[in-house]
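Notes to accompany the following structure.
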Amino acid sequence: MEQRSKFTNKLGFVLAAAGSAVGLGNIWRFPYLAAKYGGGIFLLVYLILVVTFGFSLMIAEVAIGRKTGLSPIGAFQALNKRFRFIGILGSLIAFLILPYYSVIGGWVIKYFITYISGAHAAAAGEGFFNGFISSPVQPVLWQAVFVIATLAVILGGVQKGIERVSKILMPALVVLSILIAIYSMTIPGALGGVKYYLLPNFSKFSPTTVLAALGQMFYSMSLAMGIMITYGSYLRKEDDLEKAVGHIEWFDTGIAFLAGLMIVPAVYAMSGGDESALSAGPSLMFITLPGVFERMGLPAVIGSAFFILVLFAALTSAISLMEAVVSTICDQFKIKRHTAAILAAVLAILIGMPSALGFGPLAAVQIIGMSFLDFFDFITNSVLMPITALLTCIFVGYIIRPKCIADEVKLSSQFKREKLFIVMVKYIAPICIVAILVSSVLSAFKIITI
Ligand code: PHE
């Protein structure tokens with residue numbers, strides 16, 4: 001077996017893992033969920049989940065990776081043969097996310113091209129977004145471009161380049177987000193939106209809030225898919241694992257928080273305080289922000305910069321998704337990496353088509369009341385990820401035992417949150433996941449309404 005290359009230092013690991021974590025989930029998905037599910041209360045539930053659940057699962061995955069030095073399937077197998085399937089399940093989730101992730105990635109490319117060609121007024125114009133996503137050709141075309149760009153990186157193996165570029169672009173994303181957030185908050189009428197986003201209103205709390213926050217947390221932190229196992233396998237034994245996980249956790253949550261501040265107050269202000277505008281869903285980023293850029297001045301520059309940074313964040317995440325798929329195809333079917341990568345890309349384009357067309361030609365087709373894109377998003381985030389997370393908790397809590405993880409973490413860290421970790425994986429997480437899973441499936445099939 002090839003010697004595994006290690007990250008040059010902890011920063012390398014943190015950047016690569018953060019590259020996977022920070023993506024459309026933070027900038028596109030988080031704000032619309034926060035807006036839809038009650039603002040402050042969603043934010044609060046989300047934060048609690050990140051520092052308890054999210055932390056415990058992430059540390060478990062990274063430790064499994066570092067302990068075994070293998071990617072997910074091999075790692076689970078090495079620890080216990082019968083649990084190899086958890087690794088396979090994880091890559092199946094990645095396989096289902098990649099196509100629809102690329103659809104949104106394609107939307108981002110379209111916006112970037114529109115801005116860079118100077119057509120900012122058109123992008124901000126009413127009907128631009130709907131015109132675009134309902135077209136029978138464009139969404140498919142741009143989705144394919146996004147997949148091919150991801151494939152090019154995977155094939156070219158320019159991983160090193162990505163590490164280097166991340167060091168510049170990630171901070172740039174943070175700076176630009178702060179500027180836009182500050183601007184958004186100062187738009188006349190935005191204050192109500194800031195309050196809505198920051199102050200929890202407990203009357204808006206419901207099981208759906210927790211479910212949505214939980215799914216978002218798995219998605220945003222790239223958990224339950226074996227991705228963090230793979231990255232953990234590249235981490236050196238002397239690097240402080242707990243601190244590294246802490247950094248990723250905060251970086252990921254920080255960007256999501258900022259994205260919420262960019263979008264929620266602005267929607268609120270622009271709709272004249274109409275709360276129903278806040279539940280617009282997936283389109284929020286593409287409709288609200290162009291309006292904000294128009295008001296900020298220099299819209300062509302700000303819009304181009306913003307969408308290229310989002311595109312970059314999306315690409316680094318898509319790369320980790322495709323990598324998870326490719327490595328599994330290689331292992332399982334014993335085919336060459338190149339062939340596996342091309343196969344994965346072709347399948348992503350094909351499977352993504354219904355999602356890409358789901359707002360235009362296929363708008364009439366609904367699965368359990370959802371568009372294709374929402375359906376894939378629901379199945380992966382609200383069903384398959386909780387199942388995989390549950391299996392991982394059972395595996396860690398009762399098969400290999402938390403001590404096995406704790407020993408690995410303690411090789412290089414104090415493991416301050418050890419007690420929390422043990423209680424989470426053994427008791428709280430499994431119980432909550434089962435409760436949430438059952439309620440989400442029942443509510444999707446309209447057996448209960450929550
Ligand atoms: N975490 C990424 C994001 O927030 C998406 C992603 C999910 C990436 C799962 C890899 C695995 O956009």
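Identifiers in the structure tokens: chain A, B, ... in order shown; residue index from 1 per chain; ligand index from 1 in order shown.
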Which residues of chain A come within 6 Å of ligand 1, and what is each one's closest atom pair and distance in Å (one decimal), counting only C-alpha atoms and all ligand atoms, sorted by chain and residue number, as a tab-separated table?
```
residue	atom	partner	partner_atom_place_in_ligand_line	distance
A:Ser20	CA	ligand 1	8 (C)	5.1
A:Ala21	CA	ligand 1	1 (N)	3.7
A:Val22	CA	ligand 1	4 (O)	4.7
A:Gly23	CA	ligand 1	12 (O)	3.2
A:Leu24	CA	ligand 1	12 (O)	3.9
A:Gly25	CA	ligand 1	4 (O)	3.3
A:Asn26	CA	ligand 1	4 (O)	5.0
A:Tyr219	CA	ligand 1	7 (C)	4.6
A:Ser220	CA	ligand 1	4 (O)	3.6
A:Met221	CA	ligand 1	1 (N)	5.0
A:Ser222	CA	ligand 1	9 (C)	4.0
A:Ser317	CA	ligand 1	8 (C)	4.4
A:Ser320	CA	ligand 1	10 (C)	5.5
A:Leu321	CA	ligand 1	10 (C)	4.8
```
So that I have them on file, write out the residues from the current selection with all heavy atoms, as a tab-separated table (two decimals), in the first residue's frame.
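Output file again-v9.tsv is given in full below:
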```tsv
chain	number	residue	atom	x	y	z
A	20	SER	N	-13.71	21.65	3.01
A	20	SER	CA	-14.83	20.76	2.78
A	20	SER	C	-16.08	21.26	3.51
A	20	SER	O	-17.17	21.28	2.98
A	20	SER	CB	-14.50	19.35	3.27
A	20	SER	OG	-15.66	18.56	3.29
A	21	ALA	N	-15.87	21.70	4.74
A	21	ALA	CA	-17.01	22.11	5.56
A	21	ALA	C	-17.65	23.40	5.05
A	21	ALA	O	-18.86	23.50	4.91
A	21	ALA	CB	-16.58	22.27	7.01
A	22	VAL	N	-16.81	24.40	4.78
A	22	VAL	CA	-17.37	25.69	4.36
A	22	VAL	C	-17.73	25.65	2.90
A	22	VAL	O	-16.88	25.44	2.04
A	22	VAL	CB	-16.35	26.83	4.60
A	22	VAL	CG1	-16.89	28.14	4.04
A	22	VAL	CG2	-16.05	26.95	6.08
A	23	GLY	N	-19.00	25.81	2.62
A	23	GLY	CA	-19.43	25.77	1.22
A	23	GLY	C	-20.82	26.34	1.09
A	23	GLY	O	-21.23	27.20	1.89
A	24	LEU	N	-21.54	25.81	0.13
A	24	LEU	CA	-22.89	26.30	-0.10
A	24	LEU	C	-23.77	26.09	1.12
A	24	LEU	O	-24.73	26.82	1.34
A	24	LEU	CB	-23.49	25.56	-1.30
A	24	LEU	CG	-22.78	25.84	-2.62
A	24	LEU	CD1	-23.28	24.91	-3.71
A	24	LEU	CD2	-23.00	27.29	-3.02
A	25	GLY	N	-23.44	25.08	1.90
A	25	GLY	CA	-24.20	24.83	3.11
A	25	GLY	C	-24.22	26.04	4.02
A	25	GLY	O	-25.23	26.36	4.64
A	26	ASN	N	-23.08	26.73	4.10
A	26	ASN	CA	-22.99	27.88	4.99
A	26	ASN	C	-23.62	29.13	4.38
A	26	ASN	O	-24.32	29.87	5.05
A	26	ASN	CB	-21.52	28.22	5.27
A	26	ASN	CG	-20.75	27.04	5.73
A	26	ASN	OD1	-20.65	26.03	5.04
A	26	ASN	ND2	-20.22	27.13	6.93
A	219	TYR	N	-24.71	18.42	7.50
A	219	TYR	CA	-24.37	18.85	6.15
A	219	TYR	C	-23.23	19.86	6.17
A	219	TYR	O	-22.24	19.72	5.47
A	219	TYR	CB	-25.62	19.50	5.56
A	219	TYR	CG	-25.54	19.90	4.13
A	219	TYR	CD1	-25.79	18.98	3.12
A	219	TYR	CD2	-25.29	21.22	3.77
A	219	TYR	CE1	-25.76	19.36	1.79
A	219	TYR	CE2	-25.27	21.60	2.44
A	219	TYR	CZ	-25.50	20.68	1.46
A	219	TYR	OH	-25.49	21.06	0.14
A	220	SER	N	-23.40	20.85	7.03
A	220	SER	CA	-22.42	21.94	7.03
A	220	SER	C	-21.06	21.47	7.54
A	220	SER	O	-20.03	21.92	7.05
A	220	SER	CB	-22.94	23.08	7.90
A	220	SER	OG	-22.09	24.18	7.79
A	221	MET	N	-21.05	20.58	8.51
A	221	MET	CA	-19.76	20.13	9.04
A	221	MET	C	-19.22	18.93	8.26
A	221	MET	O	-18.23	18.32	8.66
A	221	MET	CB	-19.89	19.80	10.53
A	221	MET	CG	-20.20	21.04	11.36
A	221	MET	SD	-20.51	20.67	13.10
A	221	MET	CE	-18.85	20.56	13.76
A	222	SER	N	-19.86	18.58	7.15
A	222	SER	CA	-19.45	17.44	6.32
A	222	SER	C	-19.35	16.15	7.15
A	222	SER	O	-18.40	15.39	7.02
A	222	SER	CB	-18.11	17.68	5.63
A	222	SER	OG	-18.14	18.82	4.83
A	317	SER	N	-15.75	22.08	-1.47
A	317	SER	CA	-16.66	21.11	-0.86
A	317	SER	C	-17.00	19.99	-1.84
A	317	SER	O	-17.02	18.81	-1.49
A	317	SER	CB	-17.96	21.77	-0.40
A	317	SER	OG	-17.68	22.77	0.53
A	320	SER	N	-14.41	17.39	-2.11
A	320	SER	CA	-14.40	16.38	-1.04
A	320	SER	C	-15.53	15.36	-1.23
A	320	SER	O	-15.36	14.19	-0.94
A	320	SER	CB	-14.45	17.04	0.34
A	320	SER	OG	-15.73	17.56	0.61
A	321	LEU	N	-16.66	15.84	-1.76
A	321	LEU	CA	-17.76	14.91	-2.03
A	321	LEU	C	-17.35	13.92	-3.13
A	321	LEU	O	-17.54	12.71	-3.00
A	321	LEU	CB	-19.00	15.67	-2.51
A	321	LEU	CG	-19.83	16.39	-1.45
A	321	LEU	CD1	-20.80	17.36	-2.11
A	321	LEU	CD2	-20.59	15.39	-0.61
```
Distance query Ser327 in chain A at most 12 Å, only C-alpha atoms, self and fewer than 4 positions along chain excluded, as a PyMOL selection string: chain A and resi 70-74+87-88+90-92+94-95+154+226-227+230+319-323+331-341+343-344
Can you write just those residues out, N, CA and C atoms, as an mmCIF file, in the first residue's frame?
```cif
data_model
loop_
_atom_site.group_PDB
_atom_site.id
_atom_site.type_symbol
_atom_site.label_atom_id
_atom_site.label_comp_id
_atom_site.auth_asym_id
_atom_site.auth_seq_id
_atom_site.Cartn_x
_atom_site.Cartn_y
_atom_site.Cartn_z
ATOM 1 N N LEU A 70 -6.727 5.034 7.453
ATOM 2 C CA LEU A 70 -7.407 4.534 6.253
ATOM 3 C C LEU A 70 -8.599 5.409 5.893
ATOM 4 N N SER A 71 -9.100 5.229 4.665
ATOM 5 C CA SER A 71 -10.343 5.919 4.329
ATOM 6 C C SER A 71 -11.537 5.115 4.841
ATOM 7 N N PRO A 72 -12.745 5.713 4.805
ATOM 8 C CA PRO A 72 -13.870 5.196 5.584
ATOM 9 C C PRO A 72 -14.111 3.686 5.547
ATOM 10 N N ILE A 73 -14.234 3.108 4.349
ATOM 11 C CA ILE A 73 -14.587 1.685 4.318
ATOM 12 C C ILE A 73 -13.519 0.858 5.018
ATOM 13 N N GLY A 74 -12.277 1.112 4.666
ATOM 14 C CA GLY A 74 -11.168 0.389 5.284
ATOM 15 C C GLY A 74 -11.110 0.650 6.775
ATOM 16 N N GLY A 87 -19.183 2.702 6.230
ATOM 17 C CA GLY A 87 -18.347 3.445 5.281
ATOM 18 C C GLY A 87 -19.011 3.533 3.916
ATOM 19 N N ILE A 88 -19.613 2.416 3.511
ATOM 20 C CA ILE A 88 -20.263 2.404 2.192
ATOM 21 C C ILE A 88 -21.478 3.334 2.186
ATOM 22 N N GLY A 90 -21.914 5.951 3.937
ATOM 23 C CA GLY A 90 -21.418 7.333 3.876
ATOM 24 C C GLY A 90 -21.142 7.769 2.449
ATOM 25 N N SER A 91 -20.470 6.914 1.685
ATOM 26 C CA SER A 91 -20.168 7.363 0.321
ATOM 27 C C SER A 91 -21.424 7.384 -0.544
ATOM 28 N N LEU A 92 -22.390 6.568 -0.183
ATOM 29 C CA LEU A 92 -23.655 6.631 -0.918
ATOM 30 C C LEU A 92 -24.313 8.007 -0.715
ATOM 31 N N ALA A 94 -22.746 10.809 -0.081
ATOM 32 C CA ALA A 94 -21.966 11.765 -0.887
ATOM 33 C C ALA A 94 -22.374 11.657 -2.349
ATOM 34 N N PHE A 95 -22.609 10.433 -2.793
ATOM 35 C CA PHE A 95 -22.998 10.171 -4.173
ATOM 36 C C PHE A 95 -24.337 10.846 -4.508
ATOM 37 N N ILE A 154 -9.977 16.931 -9.419
ATOM 38 C CA ILE A 154 -9.741 15.572 -8.924
ATOM 39 C C ILE A 154 -8.735 14.851 -9.832
ATOM 40 N N GLY A 226 -18.044 10.072 6.164
ATOM 41 C CA GLY A 226 -16.699 9.522 6.100
ATOM 42 C C GLY A 226 -15.643 10.507 5.626
ATOM 43 N N ILE A 227 -16.077 11.722 5.287
ATOM 44 C CA ILE A 227 -15.101 12.678 4.774
ATOM 45 C C ILE A 227 -14.074 13.053 5.846
ATOM 46 N N THR A 230 -11.469 10.387 6.298
ATOM 47 C CA THR A 230 -10.397 10.469 5.310
ATOM 48 C C THR A 230 -9.390 11.555 5.679
ATOM 49 N N ILE A 319 -15.263 18.939 -4.248
ATOM 50 C CA ILE A 319 -14.104 18.069 -4.419
ATOM 51 C C ILE A 319 -14.102 16.987 -3.346
ATOM 52 N N SER A 320 -14.408 17.388 -2.107
ATOM 53 C CA SER A 320 -14.396 16.380 -1.041
ATOM 54 C C SER A 320 -15.527 15.364 -1.235
ATOM 55 N N LEU A 321 -16.658 15.840 -1.759
ATOM 56 C CA LEU A 321 -17.756 14.909 -2.034
ATOM 57 C C LEU A 321 -17.355 13.922 -3.126
ATOM 58 N N MET A 322 -16.793 14.459 -4.206
ATOM 59 C CA MET A 322 -16.444 13.574 -5.324
ATOM 60 C C MET A 322 -15.330 12.618 -4.922
ATOM 61 N N GLU A 323 -14.408 13.117 -4.129
ATOM 62 C CA GLU A 323 -13.313 12.271 -3.652
ATOM 63 C C GLU A 323 -13.860 11.075 -2.862
ATOM 64 N N ASP A 331 -12.223 1.311 -4.602
ATOM 65 C CA ASP A 331 -12.059 0.194 -3.665
ATOM 66 C C ASP A 331 -13.010 -0.950 -3.964
ATOM 67 N N GLN A 332 -14.264 -0.579 -4.186
ATOM 68 C CA GLN A 332 -15.292 -1.605 -4.322
ATOM 69 C C GLN A 332 -15.208 -2.362 -5.632
ATOM 70 N N PHE A 333 -14.979 -1.595 -6.702
ATOM 71 C CA PHE A 333 -15.048 -2.227 -8.011
ATOM 72 C C PHE A 333 -13.685 -2.443 -8.650
ATOM 73 N N LYS A 334 -12.663 -2.133 -7.882
ATOM 74 C CA LYS A 334 -11.297 -2.366 -8.352
ATOM 75 C C LYS A 334 -11.066 -1.777 -9.748
ATOM 76 N N ILE A 335 -11.494 -0.542 -9.936
ATOM 77 C CA ILE A 335 -11.167 0.088 -11.216
ATOM 78 C C ILE A 335 -10.227 1.264 -10.989
ATOM 79 N N LYS A 336 -9.638 1.746 -12.071
ATOM 80 C CA LYS A 336 -8.641 2.812 -11.952
ATOM 81 C C LYS A 336 -9.269 4.116 -11.499
ATOM 82 N N ARG A 337 -8.453 4.920 -10.837
ATOM 83 C CA ARG A 337 -8.928 6.189 -10.299
ATOM 84 C C ARG A 337 -9.506 7.101 -11.380
ATOM 85 N N HIS A 338 -8.803 7.172 -12.499
ATOM 86 C CA HIS A 338 -9.271 8.032 -13.592
ATOM 87 C C HIS A 338 -10.654 7.615 -14.078
ATOM 88 N N THR A 339 -10.777 6.310 -14.301
ATOM 89 C CA THR A 339 -12.048 5.784 -14.802
ATOM 90 C C THR A 339 -13.151 6.050 -13.774
ATOM 91 N N ALA A 340 -12.827 5.795 -12.515
ATOM 92 C CA ALA A 340 -13.820 5.987 -11.457
ATOM 93 C C ALA A 340 -14.254 7.453 -11.393
ATOM 94 N N ALA A 341 -13.294 8.367 -11.551
ATOM 95 C CA ALA A 341 -13.612 9.797 -11.454
ATOM 96 C C ALA A 341 -14.531 10.218 -12.598
ATOM 97 N N LEU A 343 -16.490 8.276 -14.333
ATOM 98 C CA LEU A 343 -17.779 7.636 -14.087
ATOM 99 C C LEU A 343 -18.597 8.436 -13.067
ATOM 100 N N ALA A 344 -17.946 8.832 -11.990
ATOM 101 C CA ALA A 344 -18.645 9.595 -10.942
ATOM 102 C C ALA A 344 -19.184 10.902 -11.511
#
```
Residues of range 47-164 of chain A that have any atom at most 12 Å from an atom of range 359-370 of chain A: could you tabulate them with the shortest-distance atom pair and the distance in Å to one decimal, using only C-alpha atoms, ordered by chain and increasing number, as JSON lines?
```
{"residue": "A:Val103", "atom": "CA", "partner": "A:Phe359", "partner_atom": "CA", "distance": 11.5}
{"residue": "A:Phe129", "atom": "CA", "partner": "A:Phe359", "partner_atom": "CA", "distance": 10.7}
{"residue": "A:Asn130", "atom": "CA", "partner": "A:Phe359", "partner_atom": "CA", "distance": 8.2}
{"residue": "A:Gly131", "atom": "CA", "partner": "A:Gly360", "partner_atom": "CA", "distance": 8.9}
{"residue": "A:Phe132", "atom": "CA", "partner": "A:Gly360", "partner_atom": "CA", "distance": 8.9}
{"residue": "A:Ile133", "atom": "CA", "partner": "A:Phe359", "partner_atom": "CA", "distance": 5.9}
{"residue": "A:Ser134", "atom": "CA", "partner": "A:Gly360", "partner_atom": "CA", "distance": 3.6}
{"residue": "A:Ser135", "atom": "CA", "partner": "A:Gly360", "partner_atom": "CA", "distance": 5.8}
{"residue": "A:Pro136", "atom": "CA", "partner": "A:Pro361", "partner_atom": "CA", "distance": 6.1}
{"residue": "A:Val137", "atom": "CA", "partner": "A:Gly360", "partner_atom": "CA", "distance": 9.6}
{"residue": "A:Gln138", "atom": "CA", "partner": "A:Gly360", "partner_atom": "CA", "distance": 10.4}
{"residue": "A:Pro139", "atom": "CA", "partner": "A:Gly360", "partner_atom": "CA", "distance": 9.4}
{"residue": "A:Val140", "atom": "CA", "partner": "A:Gly360", "partner_atom": "CA", "distance": 11.0}
```
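Within the 10 Å cut-off around Ser283 in chain A, using only C-alpha atoms and omitting residues fewer than 4 positions from it on the same chain, the listed residues are A:Trp28, A:Arg29, A:Tyr32, A:Ile104, A:Phe129, A:Asn130, A:Ile133, A:Ser279, A:Ile287, A:Thr288.
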Near range 183-190 of chain A, counting only C-alpha atoms, which residues have an atom at most 8 Å away, once you skip same-chain residues fewer than 4 positions from it, shown as a PDB file with N, CA, C and O atoms, in the first residue's frame?
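So the final result, stored in result-v5.pdb, reads:
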```pdb
ATOM      1  N   LEU A 179     -17.957  42.762   5.414  1.00  0.00           N
ATOM      2  CA  LEU A 179     -18.354  44.037   4.815  1.00  0.00           C
ATOM      3  C   LEU A 179     -19.816  44.010   4.374  1.00  0.00           C
ATOM      4  O   LEU A 179     -20.587  44.927   4.666  1.00  0.00           O
ATOM      5  N   VAL A 194     -32.428  42.089  11.983  1.00  0.00           N
ATOM      6  CA  VAL A 194     -31.306  41.742  12.863  1.00  0.00           C
ATOM      7  C   VAL A 194     -31.855  41.132  14.148  1.00  0.00           C
ATOM      8  O   VAL A 194     -31.372  40.107  14.634  1.00  0.00           O
ATOM      9  N   LEU A 261     -26.261  36.984   8.597  1.00  0.00           N
ATOM     10  CA  LEU A 261     -26.313  38.433   8.810  1.00  0.00           C
ATOM     11  C   LEU A 261     -26.329  39.205   7.489  1.00  0.00           C
ATOM     12  O   LEU A 261     -26.846  40.312   7.404  1.00  0.00           O
ATOM     13  N   MET A 262     -25.752  38.597   6.463  1.00  0.00           N
ATOM     14  CA  MET A 262     -25.758  39.273   5.163  1.00  0.00           C
ATOM     15  C   MET A 262     -27.168  39.256   4.592  1.00  0.00           C
ATOM     16  O   MET A 262     -27.612  40.195   3.960  1.00  0.00           O
ATOM     17  N   ILE A 263     -27.844  38.118   4.795  1.00  0.00           N
ATOM     18  CA  ILE A 263     -29.077  37.893   4.046  1.00  0.00           C
ATOM     19  C   ILE A 263     -30.363  38.220   4.823  1.00  0.00           C
ATOM     20  O   ILE A 263     -31.230  38.926   4.316  1.00  0.00           O
ATOM     21  N   PRO A 265     -31.297  40.212   7.506  1.00  0.00           N
ATOM     22  CA  PRO A 265     -31.760  41.599   7.670  1.00  0.00           C
ATOM     23  C   PRO A 265     -32.122  42.252   6.341  1.00  0.00           C
ATOM     24  O   PRO A 265     -33.091  43.009   6.258  1.00  0.00           O
ATOM     25  N   ALA A 266     -31.363  41.900   5.295  1.00  0.00           N
ATOM     26  CA  ALA A 266     -31.641  42.516   3.999  1.00  0.00           C
ATOM     27  C   ALA A 266     -33.000  42.086   3.451  1.00  0.00           C
ATOM     28  O   ALA A 266     -33.751  42.917   2.935  1.00  0.00           O
ATOM     29  N   TYR A 268     -35.504  41.194   5.155  1.00  0.00           N
ATOM     30  CA  TYR A 268     -36.489  41.834   6.018  1.00  0.00           C
ATOM     31  C   TYR A 268     -36.718  43.284   5.578  1.00  0.00           C
ATOM     32  O   TYR A 268     -37.856  43.728   5.401  1.00  0.00           O
ATOM     33  N   ALA A 269     -35.596  43.989   5.375  1.00  0.00           N
ATOM     34  CA  ALA A 269     -35.711  45.401   4.997  1.00  0.00           C
ATOM     35  C   ALA A 269     -36.384  45.546   3.638  1.00  0.00           C
ATOM     36  O   ALA A 269     -37.270  46.361   3.437  1.00  0.00           O
ATOM     37  N   MET A 270     -35.962  44.716   2.702  1.00  0.00           N
ATOM     38  CA  MET A 270     -36.461  44.892   1.348  1.00  0.00           C
ATOM     39  C   MET A 270     -37.921  44.491   1.191  1.00  0.00           C
ATOM     40  O   MET A 270     -38.591  44.921   0.267  1.00  0.00           O
ATOM     41  N   GLY A 272     -40.002  45.175   3.434  1.00  0.00           N
ATOM     42  CA  GLY A 272     -40.745  46.089   4.302  1.00  0.00           C
ATOM     43  C   GLY A 272     -41.233  45.402   5.571  1.00  0.00           C
ATOM     44  O   GLY A 272     -42.320  45.696   6.062  1.00  0.00           O
ATOM     45  N   GLY A 273     -40.406  44.492   6.109  1.00  0.00           N
ATOM     46  CA  GLY A 273     -40.751  43.862   7.391  1.00  0.00           C
ATOM     47  C   GLY A 273     -41.769  42.739   7.277  1.00  0.00           C
ATOM     48  O   GLY A 273     -42.323  42.295   8.273  1.00  0.00           O
ATOM     49  N   VAL A 292     -28.982  43.763  -2.684  1.00  0.00           N
ATOM     50  CA  VAL A 292     -28.103  44.454  -1.738  1.00  0.00           C
ATOM     51  C   VAL A 292     -26.910  45.051  -2.482  1.00  0.00           C
ATOM     52  O   VAL A 292     -26.530  46.208  -2.260  1.00  0.00           O
ATOM     53  N   MET A 296     -25.330  48.871  -2.640  1.00  0.00           N
ATOM     54  CA  MET A 296     -24.050  49.161  -1.995  1.00  0.00           C
ATOM     55  C   MET A 296     -23.163  50.048  -2.855  1.00  0.00           C
ATOM     56  O   MET A 296     -22.208  50.636  -2.375  1.00  0.00           O
TER      57      MET A 296
END
```
Residues of range 142-278 of chain A in alpha helix (DSSP H), written as number ranges by chain: A: 142-156, 159-186, 191-198, 207-220, 227-232, 241-270
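From CA of Ile178 in chain A back to CA of Pro290 in chain A, the distance works out to 16.4 Å.
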Residue with smallest distance to Ile302 in chain A - pool A:Tyr46, A:Trp107, A:Tyr115, A:Phe372, counting only C-alpha atoms: A:Tyr115
Near-Cys432 in chain A list (12 Å; only C-alpha atoms; drop same-chain fewer than 6 positions) as a ChimeraX atom specification: /A:49,53,207,210-211,214,386-387,389-390,393,424-426,438-440
Long-range neighbours of Ala18 in chain A as an mmCIF file with N, CA, C and O atoms, in the first residue's frame, 9 Å cut-off, only C-alpha atoms, 6 positions minimum in chain:
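What follows is the written file part-v1.cif:
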```cif
data_model
loop_
_atom_site.group_PDB
_atom_site.id
_atom_site.type_symbol
_atom_site.label_atom_id
_atom_site.label_comp_id
_atom_site.auth_asym_id
_atom_site.auth_seq_id
_atom_site.Cartn_x
_atom_site.Cartn_y
_atom_site.Cartn_z
ATOM 1 N N MET A 221 -21.047 20.575 8.507
ATOM 2 C CA MET A 221 -19.759 20.132 9.038
ATOM 3 C C MET A 221 -19.218 18.927 8.263
ATOM 4 O O MET A 221 -18.230 18.324 8.659
ATOM 5 N N HIS A 247 -11.213 24.363 15.841
ATOM 6 C CA HIS A 247 -11.028 25.429 14.843
ATOM 7 C C HIS A 247 -12.017 25.273 13.688
ATOM 8 O O HIS A 247 -12.621 26.239 13.243
ATOM 9 N N ILE A 248 -12.147 24.036 13.222
ATOM 10 C CA ILE A 248 -13.036 23.814 12.071
ATOM 11 C C ILE A 248 -14.471 24.172 12.460
ATOM 12 O O ILE A 248 -15.202 24.827 11.715
ATOM 13 N N GLU A 249 -14.839 23.717 13.648
ATOM 14 C CA GLU A 249 -16.173 23.970 14.164
ATOM 15 C C GLU A 249 -16.485 25.474 14.155
ATOM 16 O O GLU A 249 -17.516 25.918 13.664
ATOM 17 N N PHE A 251 -14.851 27.942 12.608
ATOM 18 C CA PHE A 251 -14.726 28.555 11.287
ATOM 19 C C PHE A 251 -16.012 28.329 10.497
ATOM 20 O O PHE A 251 -16.605 29.250 9.929
ATOM 21 N N ASP A 252 -16.445 27.103 10.511
ATOM 22 C CA ASP A 252 -17.650 26.731 9.764
ATOM 23 C C ASP A 252 -18.877 27.489 10.280
ATOM 24 O O ASP A 252 -19.662 28.041 9.510
ATOM 25 N N SER A 317 -15.753 22.083 -1.470
ATOM 26 C CA SER A 317 -16.659 21.105 -0.857
ATOM 27 C C SER A 317 -17.003 19.995 -1.842
ATOM 28 O O SER A 317 -17.020 18.811 -1.485
#
```
Contact residues around range 166-171 of chain A with only C-alpha atoms at 10 Å, ignoring same-chain residues under 2 positions, as a PyMOL selection string: chain A and resi 11-12+15-16+18-19+22+160-164+173-177+308-310+312-313+316
Residue nearest Ile255 in chain A among A:Val267, A:Ala172, A:Ala429, A:Ala121 (counting only C-alpha atoms): A:Ala172
